[in-house]
>>> print(open('work.txt').read())   # compact mmCIF, C-alpha atoms
# COMPACT_ATOMS: atom_id res chain seq x y z
CA MET A 32 -13.13 8.60 -38.89
CA LEU A 33 -13.06 5.05 -37.61
CA ALA A 34 -15.94 2.73 -38.38
CA GLY A 35 -17.87 1.92 -35.23
CA LEU A 36 -16.83 5.09 -33.36
CA ASP A 37 -18.66 8.40 -33.26
CA ALA A 38 -16.87 11.76 -33.34
CA LEU A 39 -16.80 12.09 -29.53
CA GLU A 40 -15.32 8.61 -29.06
CA LEU A 41 -12.67 9.20 -31.70
CA GLY A 42 -11.80 12.56 -30.17
CA ARG A 43 -11.36 11.00 -26.73
CA LEU A 44 -9.26 8.22 -28.23
CA ARG A 45 -6.95 10.71 -29.93
CA MET A 46 -6.66 12.80 -26.75
CA SER A 47 -5.74 9.68 -24.78
CA LEU A 48 -3.20 8.23 -27.21
CA GLY A 49 -1.76 11.15 -29.16
CA TYR A 50 1.69 12.64 -28.74
CA GLY A 51 2.14 14.61 -25.53
CA THR A 52 -1.20 13.56 -24.01
CA HIS A 53 0.52 12.45 -20.80
CA LYS A 54 1.37 16.09 -20.15
CA LYS A 55 -2.24 17.28 -20.39
CA GLY A 56 -4.14 14.38 -18.90
CA ARG A 57 -6.13 11.76 -20.71
CA PRO A 58 -9.95 11.60 -20.78
CA LEU A 59 -9.99 7.79 -21.01
CA SER A 60 -8.49 5.07 -18.84
CA PRO A 61 -6.36 2.34 -20.49
CA ILE A 62 -9.33 -0.05 -20.31
CA GLU A 63 -11.62 2.49 -21.96
CA VAL A 64 -9.04 2.93 -24.72
CA GLY A 65 -8.99 -0.84 -25.22
CA GLU A 66 -12.78 -0.96 -25.38
CA LEU A 67 -12.90 1.71 -28.09
CA LEU A 68 -10.16 -0.01 -30.08
CA GLN A 69 -12.08 -3.26 -29.79
CA LYS A 70 -15.23 -1.47 -30.94
CA ALA A 71 -13.38 -0.11 -33.98
CA ARG A 72 -12.01 -3.57 -34.75
CA SER A 73 -15.55 -4.97 -34.56
CA GLY A 74 -16.53 -2.30 -37.09
CA GLY A 75 -14.00 -3.72 -39.54
CA MET A 76 -11.00 -1.52 -38.81
CA SER A 77 -7.50 -2.99 -38.58
CA LEU A 78 -4.96 -2.00 -35.95
CA GLN A 79 -3.15 -0.16 -38.74
CA ASP A 80 -6.31 1.86 -39.41
CA CYS A 81 -6.62 2.64 -35.70
CA ALA A 82 -2.97 3.71 -35.41
CA LYS A 83 -3.33 6.01 -38.41
CA ALA A 84 -6.52 7.55 -37.02
CA VAL A 85 -4.82 8.49 -33.74
CA GLN A 86 -1.58 9.48 -35.49
CA LEU A 87 0.65 6.72 -34.12
CA ASP A 88 3.53 5.31 -36.17
CA GLY A 89 3.04 1.65 -35.27
CA THR A 90 0.50 -0.80 -33.90
CA GLY A 91 2.56 -2.60 -31.24
CA HIS A 92 1.47 -0.31 -28.43
CA LEU A 93 -2.20 -0.65 -29.36
CA GLY A 94 -2.08 -4.41 -28.95
CA ARG A 95 -1.39 -3.94 -25.25
CA PHE A 96 -4.71 -2.17 -24.76
CA LEU A 97 -6.55 -5.09 -26.33
CA ALA A 98 -4.55 -7.57 -24.24
CA ILE A 99 -5.57 -6.05 -20.89
CA LEU A 100 -9.25 -6.46 -21.80
CA LYS A 101 -8.71 -10.17 -21.12
CA LEU A 102 -8.01 -9.46 -17.45
CA PRO A 103 -10.83 -10.11 -14.93
CA GLU A 104 -13.24 -7.21 -14.50
CA ASP A 105 -12.29 -6.65 -10.87
CA ILE A 106 -8.71 -6.06 -12.02
CA GLN A 107 -9.62 -3.98 -15.06
CA HIS A 108 -11.25 -1.18 -13.09
CA LEU A 109 -7.99 -0.64 -11.16
CA VAL A 110 -5.82 -0.03 -14.23
CA VAL A 111 -4.43 3.52 -14.54
CA TRP A 112 -1.93 5.19 -16.84
CA GLY A 113 1.03 5.74 -14.58
CA ALA A 114 2.71 3.72 -11.87
CA GLU A 115 0.46 5.07 -9.11
CA ARG A 116 1.02 3.60 -5.66
CA ASN A 117 -2.54 2.53 -4.95
CA PHE A 118 -3.57 1.23 -8.35
CA ILE A 119 -2.34 -1.01 -11.15
CA GLY A 120 -0.27 0.81 -13.77
CA PHE A 121 -0.90 0.11 -17.44
CA THR A 122 2.49 -1.57 -17.95
CA ALA A 123 2.02 -3.74 -14.85
CA ALA A 124 -1.45 -4.71 -16.09
CA PHE A 125 0.02 -5.79 -19.42
CA GLU A 126 2.63 -7.88 -17.60
CA LEU A 127 -0.23 -9.54 -15.68
CA THR A 128 -1.63 -10.84 -18.97
CA LYS A 129 1.45 -13.04 -19.30
CA LEU A 130 0.08 -15.19 -16.49
CA ASN A 131 -2.31 -17.72 -18.00
CA ASN A 132 -4.31 -18.43 -14.86
CA VAL A 133 -7.02 -15.97 -13.74
CA GLU A 134 -6.60 -16.89 -10.07
CA GLU A 135 -2.86 -16.24 -10.31
CA GLN A 136 -3.51 -12.89 -12.00
CA GLN A 137 -5.74 -11.98 -9.07
CA VAL A 138 -3.13 -12.99 -6.49
CA VAL A 139 -0.48 -10.85 -8.19
CA ALA A 140 -2.92 -7.94 -8.60
CA ASP A 141 -3.63 -8.07 -4.87
CA THR A 142 0.12 -7.98 -4.22
CA ILE A 143 0.50 -4.94 -6.49
CA LEU A 144 -1.99 -3.13 -4.25
CA SER A 145 -0.81 -4.43 -0.88
CA ASP A 146 2.97 -4.49 -1.42
CA GLY A 147 3.48 -2.03 -4.26
CA LEU A 148 4.71 -4.61 -6.77
CA ASN A 149 5.91 -2.60 -9.78
CA SER A 150 5.79 -3.54 -13.46
CA LYS A 151 9.34 -4.90 -13.47
CA GLU A 152 8.55 -7.09 -10.47
CA VAL A 153 5.30 -8.29 -12.06
CA ARG A 154 7.31 -9.28 -15.13
CA GLN A 155 9.76 -11.15 -12.91
CA VAL A 156 6.95 -12.99 -11.14
CA ALA A 157 5.37 -14.01 -14.46
CA GLN A 158 8.68 -15.17 -15.88
CA LEU A 159 9.51 -17.15 -12.76
CA ARG A 160 6.06 -18.76 -12.72
CA ASN A 161 6.16 -19.68 -16.43
CA ARG A 162 9.72 -21.03 -16.34
CA SER A 163 9.64 -23.02 -13.09
CA ASP A 164 7.46 -25.41 -11.11
CA LYS A 165 7.08 -22.92 -8.25
CA ASN A 166 3.55 -21.84 -7.35
CA ILE A 167 2.53 -18.20 -7.64
CA SER A 168 2.95 -17.46 -3.92
CA GLU A 169 6.49 -18.80 -3.98
CA CYS A 170 7.27 -16.67 -7.04
CA ILE A 171 5.94 -13.53 -5.38
CA LYS A 172 7.86 -14.24 -2.18
CA GLU A 173 11.09 -14.71 -4.12
CA VAL A 174 10.66 -11.45 -6.04
CA LEU A 175 9.72 -9.50 -2.93
CA GLY A 176 12.72 -11.04 -1.18
CA MET A 177 14.99 -9.17 -3.59
CA ARG A 178 13.84 -5.88 -2.05
CA GLN A 179 15.58 -4.16 0.80
CA GLN A 180 12.29 -3.11 2.40
CA VAL A 181 8.57 -3.84 1.91
CA THR A 182 5.90 -1.26 2.77
CA LYS A 183 2.50 -2.78 3.55
CA ARG A 184 -0.71 -1.39 2.07
CA PHE A 185 -4.30 -2.32 2.88
CA VAL A 186 -7.04 -3.07 0.37
CA PHE A 187 -10.82 -3.11 0.61
CA VAL A 188 -13.04 -4.26 -2.27
CA GLY A 189 -16.81 -3.70 -2.22
CA SER A 190 -19.64 -4.20 -4.68
CA MET A 191 -22.07 -1.64 -6.05
CA SER A 192 -25.84 -1.98 -5.96
CA SER A 193 -27.43 -3.46 -9.09
CA GLU A 194 -29.52 -0.30 -9.54
CA ALA A 195 -26.35 1.77 -9.96
CA GLU A 196 -24.48 -0.52 -12.36
CA SER A 197 -26.04 0.58 -15.65
CA ASN A 198 -25.62 4.29 -14.88
CA LEU A 199 -22.03 3.81 -13.73
CA ALA A 200 -21.20 1.88 -16.90
CA MET A 201 -22.19 4.93 -18.95
CA LEU A 202 -19.63 7.17 -17.21
CA THR A 203 -15.94 7.52 -17.96
CA GLN A 204 -13.47 6.18 -15.41
CA SER A 205 -12.47 9.69 -14.35
CA ALA A 206 -16.12 10.62 -13.70
CA ARG A 207 -16.67 7.50 -11.60
CA ASP A 208 -13.52 8.17 -9.59
CA LEU A 209 -14.66 11.70 -8.80
CA ILE A 210 -17.89 10.27 -7.38
CA LEU A 211 -15.96 7.78 -5.27
CA ALA A 212 -13.51 10.41 -4.01
CA SER A 213 -16.45 12.52 -2.87
CA ALA A 214 -18.01 9.51 -1.12
CA ILE A 215 -14.75 8.70 0.67
CA GLY A 216 -14.51 12.28 1.89
CA ASN A 217 -18.14 12.45 2.98
CA LEU A 218 -17.84 9.24 4.97
CA GLY A 219 -14.66 10.48 6.63
CA ILE A 220 -12.56 7.45 5.71
CA ARG A 221 -8.96 8.40 6.37
CA SER A 222 -5.89 8.06 4.13
CA ALA A 223 -7.66 6.17 1.32
CA THR A 224 -7.72 6.53 -2.42
CA GLY A 225 -10.07 4.56 -4.61
CA ARG A 226 -11.20 3.29 -7.96
CA LEU A 227 -14.84 2.87 -8.95
CA GLY A 228 -16.02 0.46 -11.60
CA SER A 229 -19.58 -0.24 -12.69
CA LYS A 230 -19.87 -3.25 -10.36
CA LEU A 231 -17.02 -2.93 -7.86
CA PHE A 232 -15.08 -0.32 -5.98
CA THR A 233 -11.62 -0.62 -4.43
CA LEU A 234 -10.09 1.40 -1.60
CA VAL A 235 -6.36 1.34 -0.85
CA GLY A 236 -4.38 3.00 1.89
CA ASN A 237 -1.81 2.84 4.66
CA GLU A 238 -1.95 1.86 8.34
CA ASP A 239 -4.14 4.86 9.09
CA PHE A 240 -6.64 3.66 6.48
CA ASN A 241 -6.58 0.18 8.02
CA ALA A 242 -7.36 1.68 11.43
CA SER A 243 -10.14 3.73 9.86
CA MET A 244 -11.60 0.57 8.28
CA HIS A 245 -11.75 -1.13 11.66
CA GLU A 246 -13.39 1.91 13.26
CA PHE A 247 -16.11 2.13 10.59
CA GLY A 248 -16.57 -1.57 9.99
CA LYS A 249 -16.31 -3.04 6.50
CA GLU A 250 -20.07 -3.56 6.14
CA ASN A 251 -20.69 0.09 7.04
CA ILE A 252 -18.09 1.26 4.54
CA GLU A 253 -19.65 -0.78 1.74
CA ALA A 254 -23.19 0.37 2.59
CA GLY A 255 -22.08 3.99 2.92
CA ILE A 256 -20.21 4.06 -0.37
CA ARG A 257 -23.14 2.40 -2.14
CA ALA A 258 -25.62 4.93 -0.79
CA LEU A 259 -23.49 7.98 -1.58
CA VAL A 260 -22.70 6.79 -5.11
CA LEU A 261 -26.37 6.14 -5.78
CA GLU A 262 -27.25 9.56 -4.40
CA ALA A 263 -24.67 11.21 -6.67
CA LEU A 264 -26.07 9.40 -9.69
CA GLU A 265 -29.63 10.41 -8.84
CA ASN A 266 -28.54 14.02 -8.41
CA GLY A 267 -26.65 13.96 -11.70
CA SER A 268 -23.50 15.28 -10.03
CA SER A 269 -21.12 13.67 -12.58
CA GLU A 270 -20.58 14.04 -16.28
CA SER A 271 -20.30 11.13 -18.69
>>> encode(input="work.txt", output="structure tokens")
Amino acid sequence: MLAGLDALELGRLRMSLGYGTHKKGRPLSPIEVGELLQKARSGGMSLQDCAKAVQLDGTGHLGRFLAILKLPEDIQHLVVWGAERNFIGFTAAFELTKLNNVEEQQVVADTILSDGLNSKEVRQVAQLRNRSDKNISECIKEVLGMRQQVTKRFVFVGSMSSEAESNLAMLTQSARDLILASAIGNLGIRSATGRLGSKLFTLVGNEDFNASMHEFGKENIEAGIRALVLEALENGSSES
């Protein structure tokens, strides 16, 4: 056992970090892993203790999960395990932490979503920014300029109602995303995928999604998502 964690939390941590978990799916998001590691650390456990408990050989990888907890909350809820097109991959999120300015982290995060900046490119942007006097926009432009082709994506960020926040915070990331996916489908928003946090939600998609946004209206999308999420919570249609 790990001090500070109950049996369910430890089990989820092991299932998310253990050998071969990527083949079976992980119950926790990278941020949720970081939060449990931080909780164990607050209970007096070292990173070595944590690594041993989840049967990892070293602690270096675990430090990355703690590092991404320093990212702004509206970036955190977008972090996923793999390099998914519409979200921020775990490795890219870690590379974001190498930028010291929160506003610059946000600009690069937006570019990850809109232009598909990958983890290698995020690393290049951070290195260029930290080693030169160029501003962050210039660094991004230079890195994107190395590509042969840029595919544009469209992003919409909305906020959740205060009455839903506490209930959403009690759910796992995967449970929240199932609620959002259902809401997207029920509203009829086209070609969008999404990520739902306790306070914010983010939708990402292609030109068809952008056209759909204009047809619905951004205020209607935000109000509709809010209402459907709240309805799902009241009906208990998700599992924590």
>>> residues_near_point(input="work.txt", point="(-20.5, 3.5, 4.3)", cutoff="12 Å", atoms="all atoms listed in the file", output="ChimeraX atom specification")
/A:189-191,211,214-220,243-244,246-261
>>> closest_residue(input="work.txt", among="A:Thr203, A:Ser77, A:Val110, A:Val138", to="Glu40 of chain A", atoms="all atoms listed in the file")
A:Thr203
>>> closest_residue(input="work.txt", among="A:Leu39, A:Gln155, A:Leu78, A:Leu93", to="Gly65 of chain A", atoms="all atoms listed in the file")
A:Leu93
>>> closest_residue(input="work.txt", among="A:Gly35, A:Gly228, A:Gly56, A:Gly89", to="Gly113 of chain A", atoms="all atoms listed in the file")
A:Gly56
>>> atom_distance(input="work.txt", atom1="atom CA of Val85 of chain A", atom2="atom CA of Val64 of chain A")
11.4 Å
>>> residues_around(input="work.txt", residues="Ile119 of chain A", least_positions_apart="5", cutoff="10 Å", atoms="all atoms listed in the file", output="VMD selection string")
chain A and resid 106 to 114 124 to 125 127 140 to 141 143 to 144 147 to 150
>>> write_last_selection(input="work.txt", atoms="C-alpha atoms", output="mmCIF file, in the coordinates of the input")
data_model
loop_
_atom_site.group_PDB
_atom_site.id
_atom_site.type_symbol
_atom_site.label_atom_id
_atom_site.label_comp_id
_atom_site.auth_asym_id
_atom_site.auth_seq_id
_atom_site.Cartn_x
_atom_site.Cartn_y
_atom_site.Cartn_z
ATOM 1 C CA ILE A 106 -8.710 -6.060 -12.020
ATOM 2 C CA GLN A 107 -9.620 -3.980 -15.060
ATOM 3 C CA HIS A 108 -11.250 -1.180 -13.090
ATOM 4 C CA LEU A 109 -7.990 -0.640 -11.160
ATOM 5 C CA VAL A 110 -5.820 -0.030 -14.230
ATOM 6 C CA VAL A 111 -4.430 3.520 -14.540
ATOM 7 C CA TRP A 112 -1.930 5.190 -16.840
ATOM 8 C CA GLY A 113 1.030 5.740 -14.580
ATOM 9 C CA ALA A 114 2.710 3.720 -11.870
ATOM 10 C CA ALA A 124 -1.450 -4.710 -16.090
ATOM 11 C CA PHE A 125 0.020 -5.790 -19.420
ATOM 12 C CA LEU A 127 -0.230 -9.540 -15.680
ATOM 13 C CA ALA A 140 -2.920 -7.940 -8.600
ATOM 14 C CA ASP A 141 -3.630 -8.070 -4.870
ATOM 15 C CA ILE A 143 0.500 -4.940 -6.490
ATOM 16 C CA LEU A 144 -1.990 -3.130 -4.250
ATOM 17 C CA GLY A 147 3.480 -2.030 -4.260
ATOM 18 C CA LEU A 148 4.710 -4.610 -6.770
ATOM 19 C CA ASN A 149 5.910 -2.600 -9.780
ATOM 20 C CA SER A 150 5.790 -3.540 -13.460
#
>>> closest_residue(input="work.txt", among="A:Thr122, A:Gln179, A:Asp208, A:Lys165", to="Lys151 of chain A", atoms="only C-alpha atoms")
A:Thr122
>>> residues_around(input="work.txt", residues="Asn237 of chain A", least_positions_apart="3", cutoff="7 Å", atoms="all atoms listed in the file", output="ChimeraX atom specification")
/A:184-185,222,240-241
>>> residues_around(input="work.txt", residues="Leu202 of chain A", least_positions_apart="5", cutoff="12 Å", atoms="all atoms listed in the file", output="MDAnalysis selection string")
chainID A and resid 58:60 63 195:197 207:210 227:229 264 267:271
>>> residues_around(input="work.txt", residues="Ala84 of chain A", least_positions_apart="2", cutoff="12 Å", atoms="all atoms listed in the file", output="ChimeraX atom specification")
/A:32-34,36,38,40-46,48-49,68,71,76-82,86-90
>>> closest_residue(input="work.txt", among="A:Val153, A:Val188, A:Ala263, A:Val133", to="Phe232 of chain A", atoms="only C-alpha atoms")
A:Val188
>>> atom_distance(input="work.txt", atom1="atom CA of Pro61 of chain A", atom2="atom CA of Gln158 of chain A")
23.5 Å
>>> atom_distance(input="work.txt", atom1="atom CA of Arg178 of chain A", atom2="atom CA of Arg154 of chain A")
15.0 Å
>>> closest_residue(input="work.txt", among="A:Thr233, A:Arg57, A:Asp37, A:Glu115", to="Ser205 of chain A", atoms="only C-alpha atoms")
A:Arg57
